[in-house]
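With compact mmCIF, C-alpha atoms inside, this is entry09.txt:
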# COMPACT_ATOMS: atom_id res chain seq x y z
CA MET A 1 -10.25 3.24 -9.76
CA ASN A 2 -7.32 5.05 -11.33
CA LEU A 3 -5.56 8.09 -9.89
CA THR A 4 -7.50 10.63 -11.94
CA GLU A 5 -10.84 9.13 -10.88
CA PHE A 6 -9.73 9.20 -7.25
CA ILE A 7 -8.69 12.85 -7.47
CA ARG A 8 -11.93 13.93 -9.11
CA LEU A 9 -14.05 12.15 -6.52
CA ALA A 10 -11.97 13.57 -3.66
CA LEU A 11 -12.25 17.11 -5.01
CA ALA A 12 -16.01 16.74 -5.48
CA GLU A 13 -16.31 15.56 -1.87
CA ASP A 14 -14.33 18.54 -0.58
CA VAL A 15 -15.41 21.39 -2.82
CA GLY A 16 -19.12 20.63 -3.24
CA ASP A 17 -20.78 23.68 -4.80
CA GLY A 18 -17.79 25.91 -4.15
CA ASP A 19 -15.00 26.98 -1.78
CA HIS A 20 -17.04 29.84 -0.38
CA THR A 21 -14.29 31.04 1.96
CA SER A 22 -11.90 31.66 -0.92
CA LEU A 23 -14.66 32.92 -3.20
CA SER A 24 -15.67 35.52 -0.63
CA THR A 25 -12.22 36.71 0.50
CA ILE A 26 -9.80 36.46 -2.43
CA PRO A 27 -10.06 38.35 -5.75
CA ALA A 28 -10.79 36.10 -8.69
CA ASP A 29 -7.66 37.16 -10.56
CA ALA A 30 -5.21 37.06 -7.62
CA GLN A 31 -1.96 35.27 -8.51
CA LYS A 32 0.00 33.85 -5.58
CA ARG A 33 2.54 31.20 -4.69
CA ALA A 34 3.02 28.64 -1.93
CA ARG A 35 5.57 26.07 -0.89
CA LEU A 36 5.17 22.66 0.65
CA LEU A 37 7.18 22.51 3.87
CA VAL A 38 8.39 19.49 5.84
CA LYS A 39 7.83 19.62 9.59
CA GLU A 40 8.76 16.04 10.55
CA ALA A 41 11.55 13.67 9.50
CA GLY A 42 10.73 10.61 7.42
CA ILE A 43 10.43 9.29 3.89
CA LEU A 44 8.64 11.44 1.33
CA ALA A 45 5.74 9.99 -0.65
CA GLY A 46 2.97 11.47 -2.74
CA VAL A 47 4.84 13.97 -4.90
CA GLU A 48 3.47 12.41 -8.08
CA VAL A 49 -0.01 12.46 -6.58
CA ALA A 50 0.37 16.13 -5.66
CA GLN A 51 1.43 16.97 -9.20
CA ALA A 52 -1.63 15.16 -10.54
CA ILE A 53 -3.90 17.03 -8.11
CA PHE A 54 -2.49 20.42 -9.09
CA ALA A 55 -2.86 19.52 -12.78
CA GLU A 56 -6.48 18.49 -12.26
CA VAL A 57 -7.38 21.64 -10.32
CA ASP A 58 -5.61 24.03 -12.72
CA PRO A 59 -3.41 22.90 -15.62
CA SER A 60 -1.86 26.37 -15.72
CA PHE A 61 -0.23 26.02 -12.28
CA GLN A 62 3.55 26.34 -12.27
CA VAL A 63 4.84 23.54 -10.03
CA GLU A 64 8.54 23.24 -9.24
CA VAL A 65 9.42 19.90 -7.66
CA LEU A 66 12.47 20.07 -5.41
CA MET A 67 12.32 16.62 -3.78
CA ARG A 68 11.16 13.26 -5.07
CA ASP A 69 9.18 10.30 -3.79
CA GLY A 70 11.43 8.10 -1.67
CA ASP A 71 13.71 10.90 -0.52
CA ALA A 72 14.64 11.16 3.14
CA ILE A 73 13.21 14.43 4.49
CA LYS A 74 13.74 16.54 7.60
CA PRO A 75 12.08 19.60 9.14
CA GLY A 76 12.68 22.72 7.07
CA ASP A 77 12.96 20.95 3.72
CA ILE A 78 10.93 22.39 0.84
CA VAL A 79 9.32 19.68 -1.28
CA LEU A 80 7.82 21.81 -4.02
CA THR A 81 6.51 25.24 -4.88
CA VAL A 82 3.32 26.10 -6.72
CA SER A 83 2.27 29.39 -8.26
CA GLY A 84 -0.91 30.45 -10.00
CA ASN A 85 -4.47 31.44 -9.23
CA ALA A 86 -4.74 31.91 -5.46
CA ARG A 87 -8.26 30.56 -5.13
CA ARG A 88 -7.38 27.38 -6.97
CA ILE A 89 -4.19 26.86 -4.95
CA LEU A 90 -6.38 26.79 -1.86
CA THR A 91 -8.78 24.38 -3.56
CA ALA A 92 -5.91 21.94 -4.06
CA GLU A 93 -4.20 22.52 -0.70
CA ARG A 94 -6.03 20.16 1.61
CA LEU A 95 -6.24 17.24 -0.81
CA VAL A 96 -2.51 17.53 -1.55
CA LEU A 97 -1.68 17.56 2.16
CA ASN A 98 -4.11 14.80 3.12
CA CYS A 99 -2.61 12.49 0.51
CA MET A 100 1.04 13.36 1.05
CA GLN A 101 0.93 13.32 4.85
CA ARG A 102 -0.63 9.86 5.00
CA MET A 103 1.45 8.48 2.15
CA SER A 104 4.66 9.78 3.73
CA GLY A 105 3.71 8.22 7.05
CA ILE A 106 3.16 4.87 5.34
CA ALA A 107 6.39 5.11 3.35
CA THR A 108 8.34 6.02 6.50
CA HIS A 109 7.03 3.05 8.48
CA THR A 110 7.50 0.74 5.53
CA ARG A 111 11.12 1.80 5.04
CA GLN A 112 11.84 1.16 8.72
CA LEU A 113 10.54 -2.39 8.40
CA VAL A 114 12.24 -3.04 5.07
CA ASN A 115 15.55 -2.06 6.63
CA LEU A 116 15.06 -4.82 9.21
CA LEU A 117 15.05 -7.38 6.39
CA ASP A 118 18.50 -6.39 5.13
CA GLY A 119 20.66 -9.43 4.42
CA THR A 120 17.76 -11.90 4.24
CA ARG A 121 15.86 -13.22 1.23
CA ALA A 122 12.51 -12.09 2.59
CA GLN A 123 10.54 -9.30 0.96
CA LEU A 124 7.83 -7.26 2.65
CA LEU A 125 4.28 -7.35 1.27
CA ASP A 126 1.38 -5.00 1.85
CA THR A 127 -2.25 -6.20 2.11
CA ARG A 128 -5.84 -5.17 1.35
CA LYS A 129 -6.17 -3.66 4.83
CA THR A 130 -6.44 -0.20 3.36
CA THR A 131 -8.68 2.86 3.57
CA PRO A 132 -11.68 2.49 1.21
CA ASN A 133 -11.16 4.45 -2.03
CA PHE A 134 -7.63 5.44 -0.97
CA ARG A 135 -5.96 2.10 -1.71
CA ILE A 136 -4.30 3.38 -4.87
CA CYS A 137 -2.33 5.95 -2.87
CA GLU A 138 -1.59 3.69 0.09
CA LYS A 139 -0.16 0.98 -2.13
CA MET A 140 1.91 3.57 -3.98
CA ALA A 141 3.28 4.61 -0.59
CA THR A 142 4.24 1.10 0.51
CA ARG A 143 6.05 0.62 -2.80
CA ILE A 144 7.89 3.91 -2.34
CA GLY A 145 8.90 2.70 1.12
CA GLY A 146 10.42 -0.45 -0.37
CA ALA A 147 7.68 -3.06 0.04
CA VAL A 148 6.21 -5.21 -2.72
CA ASN A 149 2.56 -4.75 -3.63
CA HIS A 150 0.44 -7.83 -2.98
CA ARG A 151 -2.84 -8.18 -4.88
CA PHE A 152 -4.60 -4.87 -5.41
CA GLY A 153 -8.09 -6.25 -4.93
CA LEU A 154 -10.25 -9.33 -5.06
CA TYR A 155 -10.02 -9.47 -8.84
CA ASP A 156 -6.31 -9.90 -9.60
CA MET A 157 -5.44 -13.06 -7.67
CA ILE A 158 -7.10 -16.06 -6.03
CA LEU A 159 -6.23 -16.03 -2.33
CA ILE A 160 -7.95 -18.89 -0.55
CA LYS A 161 -8.09 -17.95 3.13
CA ASP A 162 -9.36 -19.81 6.17
CA ASN A 163 -13.02 -18.88 5.65
CA HIS A 164 -12.86 -19.94 2.00
CA VAL A 165 -11.40 -23.28 3.05
CA ASP A 166 -14.07 -23.80 5.69
CA PHE A 167 -16.93 -22.74 3.42
CA ALA A 168 -15.64 -24.82 0.49
CA GLY A 169 -15.30 -27.99 2.54
CA GLY A 170 -11.57 -28.21 3.08
CA ILE A 171 -8.18 -27.56 1.52
CA GLU A 172 -8.47 -30.02 -1.37
CA ALA A 173 -12.00 -28.98 -2.28
CA ALA A 174 -11.08 -25.29 -2.26
CA ILE A 175 -8.01 -25.79 -4.47
CA LEU A 176 -9.76 -28.02 -6.98
CA LYS A 177 -12.70 -25.64 -7.25
CA ALA A 178 -10.34 -22.70 -7.83
CA VAL A 179 -8.44 -24.57 -10.53
CA ALA A 180 -11.70 -25.60 -12.24
CA TYR A 181 -12.96 -22.01 -12.10
CA LEU A 182 -9.84 -20.73 -13.86
CA GLN A 183 -10.16 -23.39 -16.54
CA GLU A 184 -13.85 -22.64 -17.09
CA THR A 185 -13.41 -18.87 -17.25
CA GLY A 186 -10.11 -18.78 -19.11
CA ARG A 187 -8.62 -16.47 -16.53
CA GLN A 188 -4.92 -16.57 -15.70
CA LEU A 189 -4.63 -15.79 -12.00
CA ARG A 190 -2.14 -16.96 -9.43
CA ILE A 191 -3.51 -19.16 -6.64
CA GLU A 192 -2.39 -18.68 -3.05
CA ILE A 193 -3.76 -20.68 -0.13
CA GLU A 194 -3.61 -19.97 3.59
CA THR A 195 -2.55 -22.74 5.96
CA ARG A 196 -2.90 -22.75 9.73
CA ASN A 197 -0.96 -25.84 10.78
CA ARG A 198 1.33 -28.65 9.63
CA ALA A 199 -1.57 -30.88 8.59
CA GLU A 200 -2.91 -28.23 6.21
CA VAL A 201 0.55 -27.67 4.72
CA ASP A 202 0.87 -31.42 4.18
CA GLU A 203 -2.47 -31.46 2.38
CA VAL A 204 -1.49 -28.57 0.11
CA LEU A 205 1.75 -30.37 -0.74
CA ARG A 206 -0.26 -33.47 -1.63
CA VAL A 207 -2.81 -31.64 -3.79
CA GLY A 208 -0.45 -29.07 -5.34
CA GLN A 209 -1.82 -26.83 -8.12
CA VAL A 210 -1.15 -23.59 -6.24
CA ASP A 211 1.54 -20.94 -6.58
CA VAL A 212 1.98 -19.67 -3.03
CA ILE A 213 1.52 -21.19 0.42
CA LEU A 214 0.60 -18.66 3.09
CA LEU A 215 1.74 -19.70 6.56
CA ASP A 216 -0.56 -17.86 8.95
CA ASN A 217 0.09 -17.35 12.67
CA PHE A 218 3.06 -19.69 12.86
CA GLN A 219 5.91 -18.88 15.23
CA PRO A 220 9.33 -18.32 13.61
CA ASP A 221 10.49 -21.86 14.41
CA GLY A 222 7.32 -23.19 12.84
CA ILE A 223 7.87 -21.09 9.72
CA ARG A 224 11.43 -22.42 9.48
CA ASP A 225 10.18 -26.01 9.69
CA MET A 226 7.51 -25.41 7.05
CA VAL A 227 9.97 -23.70 4.70
CA ARG A 228 12.20 -26.76 4.95
CA LEU A 229 9.24 -29.06 4.37
CA ILE A 230 8.05 -27.12 1.31
CA ASN A 231 11.66 -27.09 0.08
CA GLY A 232 11.21 -24.59 -2.73
CA ARG A 233 8.26 -26.35 -4.37
CA PHE A 234 6.08 -23.31 -3.79
CA VAL A 235 6.61 -19.66 -2.92
CA THR A 236 6.14 -19.11 0.81
CA GLU A 237 4.58 -16.20 2.69
CA ALA A 238 4.35 -15.61 6.44
CA SER A 239 1.67 -13.49 8.10
CA GLY A 240 -0.05 -12.94 11.42
CA GLY A 241 1.26 -11.24 14.54
CA ILE A 242 4.40 -9.92 12.83
CA ASP A 243 5.69 -6.46 13.73
CA GLU A 244 8.98 -4.63 14.13
CA THR A 245 9.79 -6.59 17.30
CA ASN A 246 9.86 -9.99 15.60
CA LEU A 247 10.11 -9.22 11.88
CA ARG A 248 13.80 -10.05 11.71
CA ALA A 249 13.25 -13.44 13.34
CA TYR A 250 10.65 -14.31 10.72
CA ALA A 251 12.88 -13.06 7.89
CA GLU A 252 15.70 -15.31 9.05
CA THR A 253 13.53 -18.43 8.61
CA GLY A 254 14.12 -18.39 4.84
CA VAL A 255 10.54 -17.48 3.96
CA ASP A 256 10.11 -15.66 0.64
CA PHE A 257 7.61 -13.00 1.69
CA ILE A 258 6.24 -11.48 4.89
CA SER A 259 2.93 -9.64 4.72
CA SER A 260 1.87 -6.91 7.12
CA GLY A 261 -1.45 -5.10 7.27
CA ALA A 262 0.11 -2.69 9.76
CA LEU A 263 1.87 -0.96 6.85
CA THR A 264 -1.39 0.79 6.04
CA HIS A 265 -3.76 0.47 8.99
CA GLN A 266 -1.52 1.38 11.94
CA VAL A 267 0.41 4.39 10.70
CA ASN A 268 0.64 8.03 11.78
CA SER A 269 0.66 10.72 9.12
CA LEU A 270 3.80 12.79 8.65
CA ASP A 271 3.53 16.53 9.37
CA LEU A 272 3.64 18.68 6.20
CA SER A 273 2.18 22.08 5.40
CA LEU A 274 1.52 24.29 2.39
CA LYS A 275 2.35 27.94 3.14
CA ALA A 276 2.10 31.13 1.13
CA TYR A 277 5.36 33.04 0.68
For the file at hand, write its structure as structure tokens.
Amino acid sequence: MNLTEFIRLALAEDVGDGDHTSLSTIPADAQKRARLLVKEAGILAGVEVAQAIFAEVDPSFQVEVLMRDGDAIKPGDIVLTVSGNARRILTAERLVLNCMQRMSGIATHTRQLVNLLDGTRAQLLDTRKTTPNFRICEKMATRIGGAVNHRFGLYDMILIKDNHVDFAGGIEAAILKAVAYLQETGRQLRIEIETRNRAEVDEVLRVGQVDVILLDNFQPDGIRDMVRLINGRFVTEASGGIDETNLRAYAETGVDFISSGALTHQVNSLDLSLKAY
């Protein structure tokens, strides 16, 4: 799904056979203006999405953007103004706010975590723990906040997790089957494999043929030991039970990446509003 497809589906869901409140109360030719106001401090995200929504609803809208994605915002700031047909402004209003409020909440939380990594080599990754059909916006928001996008879906990377390993018959079997699949299909995808203990890491090091080793649910000292053992032969990623209270400790182990599903599934939306003026 691309952004235009998302916007069209979201508008169809919201508008149905018509915005009957606006149709019944506002003259068809009324021309008005509104501004998007900030009511809570954080990191702004979703301006580009808002512009795309306004353009989809009415290409004749006049939109003046005053603040950009990634900007620090505070109560009272004006993000943008929009002028044009009043009915259509109201058609766009809720979708613009729904997207920008959630995206800004994600970007704000992400930036807070990214700041904790300052001075280390570790980079923060998002995950597939996203809202169905809203992933495109949530991953835009984590990127705006300073994280690195992990795979977008099941199709753009091979990530062999614990269930794959168990169903396939073990680490070696899973890796060899993945490598054979890529050779048979001609696809060029990176291979990452999840490990749960030292024995599994040892087996991956023996078999090789992967790009990334995911160290899942290790304590920081365990991550540090595994990073030393791997010794740069593969990219390393840590995950599982990592939050703002221990993120720095994991970053200081020397691991390359730290992934966090909490970037998108445990976030409060930022308070924004669109008001006529």
Could you pull out every residue with an atom within 12 Å of (-2.3, -23.5, 3.9), file coordinates, counting only C-alpha atoms, and send them as a PyMOL selection string? chain A and resi 159-166+170-172+174-175+191-208+210-218+223+226+230+234-239
By how many Å are atom CA of A:Asp29 and atom CA of A:Ser273 apart? 24.1 Å
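Within the 6 Å cut-off around stretch 117-124 of chain A, using all atoms listed in the file and omitting residues fewer than 6 positions from it on the same chain, the listed residues are Ala147, Val148, Ala251, Val255, Asp256, Phe257, Ile258 and Ser259 of chain A.
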Selection to disk with C-alpha atoms, as a CSV table (one decimal), in the coordinates of the input:
chain,number,residue,atom,x,y,z
A,147,ALA,CA,7.7,-3.1,0.0
A,148,VAL,CA,6.2,-5.2,-2.7
A,251,ALA,CA,12.9,-13.1,7.9
A,255,VAL,CA,10.5,-17.5,4.0
A,256,ASP,CA,10.1,-15.7,0.6
A,257,PHE,CA,7.6,-13.0,1.7
A,258,ILE,CA,6.2,-11.5,4.9
A,259,SER,CA,2.9,-9.6,4.7
Quick one: residues within 8 Å of A:Ile7, all atoms listed in the file counted, chain neighbours fewer than 4 positions away excluded, as JSON, numbers by chain? {"A": [3, 11, 53, 56]}
Since we have the selection now, will you write its residues out, keeping C-alpha atoms, as an mmCIF file, in the coordinates of the input?
data_model
loop_
_atom_site.group_PDB
_atom_site.id
_atom_site.type_symbol
_atom_site.label_atom_id
_atom_site.label_comp_id
_atom_site.auth_asym_id
_atom_site.auth_seq_id
_atom_site.Cartn_x
_atom_site.Cartn_y
_atom_site.Cartn_z
ATOM 1 C CA LEU A 3 -5.560 8.090 -9.890
ATOM 2 C CA LEU A 11 -12.250 17.110 -5.010
ATOM 3 C CA ILE A 53 -3.900 17.030 -8.110
ATOM 4 C CA GLU A 56 -6.480 18.490 -12.260
#
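Residue nearest A:Thr245 within the list A:Asn268, A:Gln112, A:Gln188, A:Ser24: A:Gln112 [criterion: smallest interatomic distance, only C-alpha atoms].
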Report, in Å with one decimal, the straight-line distance from atom CA of A:Asp19 to atom CA of A:Arg87.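 Distance between the two atoms: 8.3 Å.
The list of residues with at least one atom within 9 Å of A:Ala41, based on all atoms listed in the file and without residues fewer than 2 positions apart in the same chain, reads Val38, Lys39, Ile43, Leu44, Ala72, Ile73, Lys74, Pro75, Thr108, Leu270 and Asp271 of chain A.
Restricting the calculation to only C-alpha atoms, the smallest distance between A:Ala10 and any of A:Leu95, A:Leu90, A:Val65, A:Ala50 is found for A:Leu95.
Residues in contact with A:Arg187 at 12 Å, where all atoms listed in the file are counted and same-chain residues fewer than 4 positions away are skipped, are listed as Tyr155, Asp156, Met157, Ile158, Ala178, Val179, Ala180, Tyr181, Leu182, Gln183 and Ile191 of chain A.
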Selection from above, C-alpha atoms, as a CSV table (one decimal), keeping the file's coordinate frame, can you write it?
chain,number,residue,atom,x,y,z
A,155,TYR,CA,-10.0,-9.5,-8.8
A,156,ASP,CA,-6.3,-9.9,-9.6
A,157,MET,CA,-5.4,-13.1,-7.7
A,158,ILE,CA,-7.1,-16.1,-6.0
A,178,ALA,CA,-10.3,-22.7,-7.8
A,179,VAL,CA,-8.4,-24.6,-10.5
A,180,ALA,CA,-11.7,-25.6,-12.2
A,181,TYR,CA,-13.0,-22.0,-12.1
A,182,LEU,CA,-9.8,-20.7,-13.9
A,183,GLN,CA,-10.2,-23.4,-16.5
A,191,ILE,CA,-3.5,-19.2,-6.6
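The closest residue to A:Ala92, picked from A:Ala55, A:Gly186, A:Asp69, A:Val79 and counting all atoms listed in the file, is A:Ala55.
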So the first atom is atom CA of A:Lys32 and the second is atom CA of A:Glu13; what is the distance between them in Å, to one decimal place? 24.8 Å
Give me the box for stretch 50-61 of chain A as AutoDock Vina command-line options, namely the centre and edge lengths in Å to one decimal of a box along x, y and z that holds every listed atom plus 5 Å on each side.
--center_x -3.0 --center_y 20.8 --center_z -10.7 --size_x 18.8 --size_y 21.2 --size_z 20.1
Near A:Thr127, within 7 Å and counting all atoms listed in the file, which residues show up once chain neighbours fewer than 5 positions away are dropped, as a compact mmCIF listing (two decimals) with C-alpha atoms, in the frame of the given file?
# COMPACT_ATOMS: atom_id res chain seq x y z
CA HIS A 150 0.44 -7.83 -2.98
CA SER A 259 2.93 -9.64 4.72
CA SER A 260 1.87 -6.91 7.12
CA GLY A 261 -1.45 -5.10 7.27
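Distance annotation: of A:Ala262, A:Ala34, A:Leu154, A:Val47, the residue with the minimal separation from A:Gln101 is A:Val47; atom set is only C-alpha atoms.
Taking all atoms listed in the file into account, A:Asp58 lies nearest to A:Ala86 out of the set A:Ala12, A:Ala86, A:Cys137, A:Leu125.
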Using only C-alpha atoms for the distances, tell me which of A:Glu184, A:Glu244, A:Asp225, A:Glu5 is nearest to A:Ala52. A:Glu5
Reconstruct N, CA, C and O atoms of stretch 114-134 of chain A from the incomplete input and present them as a PDB file, in the coordinates of the input.
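Output contents, as saved in selection_0.pdb:
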ATOM      1  N   VAL A 114      11.419  -2.481   6.147  1.00  0.00           N
ATOM      2  CA  VAL A 114      12.240  -3.040   5.070  1.00  0.00           C
ATOM      3  C   VAL A 114      13.709  -3.094   5.478  1.00  0.00           C
ATOM      4  O   VAL A 114      14.422  -4.061   5.180  1.00  0.00           O
ATOM      5  N   ASN A 115      14.160  -2.080   6.184  1.00  0.00           N
ATOM      6  CA  ASN A 115      15.550  -2.060   6.630  1.00  0.00           C
ATOM      7  C   ASN A 115      15.867  -3.229   7.567  1.00  0.00           C
ATOM      8  O   ASN A 115      17.015  -3.697   7.621  1.00  0.00           O
ATOM      9  N   LEU A 116      14.858  -3.695   8.295  1.00  0.00           N
ATOM     10  CA  LEU A 116      15.060  -4.820   9.210  1.00  0.00           C
ATOM     11  C   LEU A 116      15.276  -6.129   8.462  1.00  0.00           C
ATOM     12  O   LEU A 116      15.746  -7.109   9.044  1.00  0.00           O
ATOM     13  N   LEU A 117      14.917  -6.165   7.194  1.00  0.00           N
ATOM     14  CA  LEU A 117      15.050  -7.380   6.390  1.00  0.00           C
ATOM     15  C   LEU A 117      16.412  -7.468   5.707  1.00  0.00           C
ATOM     16  O   LEU A 117      16.701  -8.483   5.047  1.00  0.00           O
ATOM     17  N   ASP A 118      17.221  -6.454   5.838  1.00  0.00           N
ATOM     18  CA  ASP A 118      18.500  -6.390   5.130  1.00  0.00           C
ATOM     19  C   ASP A 118      19.333  -7.649   5.384  1.00  0.00           C
ATOM     20  O   ASP A 118      19.517  -8.070   6.527  1.00  0.00           O
ATOM     21  N   GLY A 119      19.824  -8.240   4.304  1.00  0.00           N
ATOM     22  CA  GLY A 119      20.660  -9.430   4.420  1.00  0.00           C
ATOM     23  C   GLY A 119      19.904 -10.733   4.386  1.00  0.00           C
ATOM     24  O   GLY A 119      20.512 -11.809   4.397  1.00  0.00           O
ATOM     25  N   THR A 120      18.568 -10.686   4.350  1.00  0.00           N
ATOM     26  CA  THR A 120      17.760 -11.900   4.240  1.00  0.00           C
ATOM     27  C   THR A 120      17.123 -11.957   2.857  1.00  0.00           C
ATOM     28  O   THR A 120      17.143 -10.974   2.114  1.00  0.00           O
ATOM     29  N   ARG A 121      16.532 -13.076   2.526  1.00  0.00           N
ATOM     30  CA  ARG A 121      15.860 -13.220   1.230  1.00  0.00           C
ATOM     31  C   ARG A 121      14.437 -12.691   1.259  1.00  0.00           C
ATOM     32  O   ARG A 121      13.803 -12.514   0.207  1.00  0.00           O
ATOM     33  N   ALA A 122      13.920 -12.445   2.450  1.00  0.00           N
ATOM     34  CA  ALA A 122      12.510 -12.090   2.590  1.00  0.00           C
ATOM     35  C   ALA A 122      12.209 -10.702   2.032  1.00  0.00           C
ATOM     36  O   ALA A 122      13.006  -9.772   2.174  1.00  0.00           O
ATOM     37  N   GLN A 123      11.043 -10.581   1.425  1.00  0.00           N
ATOM     38  CA  GLN A 123      10.540  -9.300   0.960  1.00  0.00           C
ATOM     39  C   GLN A 123       9.238  -8.990   1.689  1.00  0.00           C
ATOM     40  O   GLN A 123       8.457  -9.893   2.016  1.00  0.00           O
ATOM     41  N   LEU A 124       9.007  -7.700   1.909  1.00  0.00           N
ATOM     42  CA  LEU A 124       7.830  -7.260   2.650  1.00  0.00           C
ATOM     43  C   LEU A 124       6.670  -7.011   1.696  1.00  0.00           C
ATOM     44  O   LEU A 124       6.832  -6.359   0.665  1.00  0.00           O
ATOM     45  N   LEU A 125       5.492  -7.529   2.056  1.00  0.00           N
ATOM     46  CA  LEU A 125       4.280  -7.350   1.270  1.00  0.00           C
ATOM     47  C   LEU A 125       3.269  -6.494   2.008  1.00  0.00           C
ATOM     48  O   LEU A 125       3.139  -6.592   3.227  1.00  0.00           O
ATOM     49  N   ASP A 126       2.531  -5.670   1.261  1.00  0.00           N
ATOM     50  CA  ASP A 126       1.380  -5.000   1.850  1.00  0.00           C
ATOM     51  C   ASP A 126       0.152  -5.902   1.722  1.00  0.00           C
ATOM     52  O   ASP A 126       0.251  -7.046   1.269  1.00  0.00           O
ATOM     53  N   THR A 127      -1.021  -5.408   2.115  1.00  0.00           N
ATOM     54  CA  THR A 127      -2.250  -6.200   2.110  1.00  0.00           C
ATOM     55  C   THR A 127      -3.420  -5.358   1.598  1.00  0.00           C
ATOM     56  O   THR A 127      -3.233  -4.213   1.179  1.00  0.00           O
ATOM     57  N   ARG A 128      -4.624  -5.910   1.681  1.00  0.00           N
ATOM     58  CA  ARG A 128      -5.840  -5.170   1.350  1.00  0.00           C
ATOM     59  C   ARG A 128      -6.412  -4.427   2.546  1.00  0.00           C
ATOM     60  O   ARG A 128      -7.512  -3.869   2.455  1.00  0.00           O
ATOM     61  N   LYS A 129      -5.699  -4.396   3.652  1.00  0.00           N
ATOM     62  CA  LYS A 129      -6.170  -3.660   4.830  1.00  0.00           C
ATOM     63  C   LYS A 129      -5.870  -2.183   4.642  1.00  0.00           C
ATOM     64  O   LYS A 129      -4.973  -1.606   5.243  1.00  0.00           O
ATOM     65  N   THR A 130      -6.667  -1.580   3.778  1.00  0.00           N
ATOM     66  CA  THR A 130      -6.440  -0.200   3.360  1.00  0.00           C
ATOM     67  C   THR A 130      -7.688   0.642   3.605  1.00  0.00           C
ATOM     68  O   THR A 130      -8.756   0.120   3.925  1.00  0.00           O
ATOM     69  N   THR A 131      -7.549   1.945   3.428  1.00  0.00           N
ATOM     70  CA  THR A 131      -8.680   2.860   3.570  1.00  0.00           C
ATOM     71  C   THR A 131      -9.535   2.804   2.303  1.00  0.00           C
ATOM     72  O   THR A 131      -9.000   2.958   1.199  1.00  0.00           O
ATOM     73  N   PRO A 132     -10.837   2.565   2.401  1.00  0.00           N
ATOM     74  CA  PRO A 132     -11.680   2.490   1.210  1.00  0.00           C
ATOM     75  C   PRO A 132     -11.491   3.713   0.304  1.00  0.00           C
ATOM     76  O   PRO A 132     -11.461   4.854   0.767  1.00  0.00           O
ATOM     77  N   ASN A 133     -11.333   3.445  -0.975  1.00  0.00           N
ATOM     78  CA  ASN A 133     -11.160   4.450  -2.030  1.00  0.00           C
ATOM     79  C   ASN A 133      -9.832   5.193  -1.968  1.00  0.00           C
ATOM     80  O   ASN A 133      -9.605   6.108  -2.760  1.00  0.00           O
ATOM     81  N   PHE A 134      -8.949   4.807  -1.041  1.00  0.00           N
ATOM     82  CA  PHE A 134      -7.630   5.440  -0.970  1.00  0.00           C
ATOM     83  C   PHE A 134      -6.521   4.402  -1.193  1.00  0.00           C
ATOM     84  O   PHE A 134      -5.354   4.697  -1.060  1.00  0.00           O
TER      85      PHE A 134
END
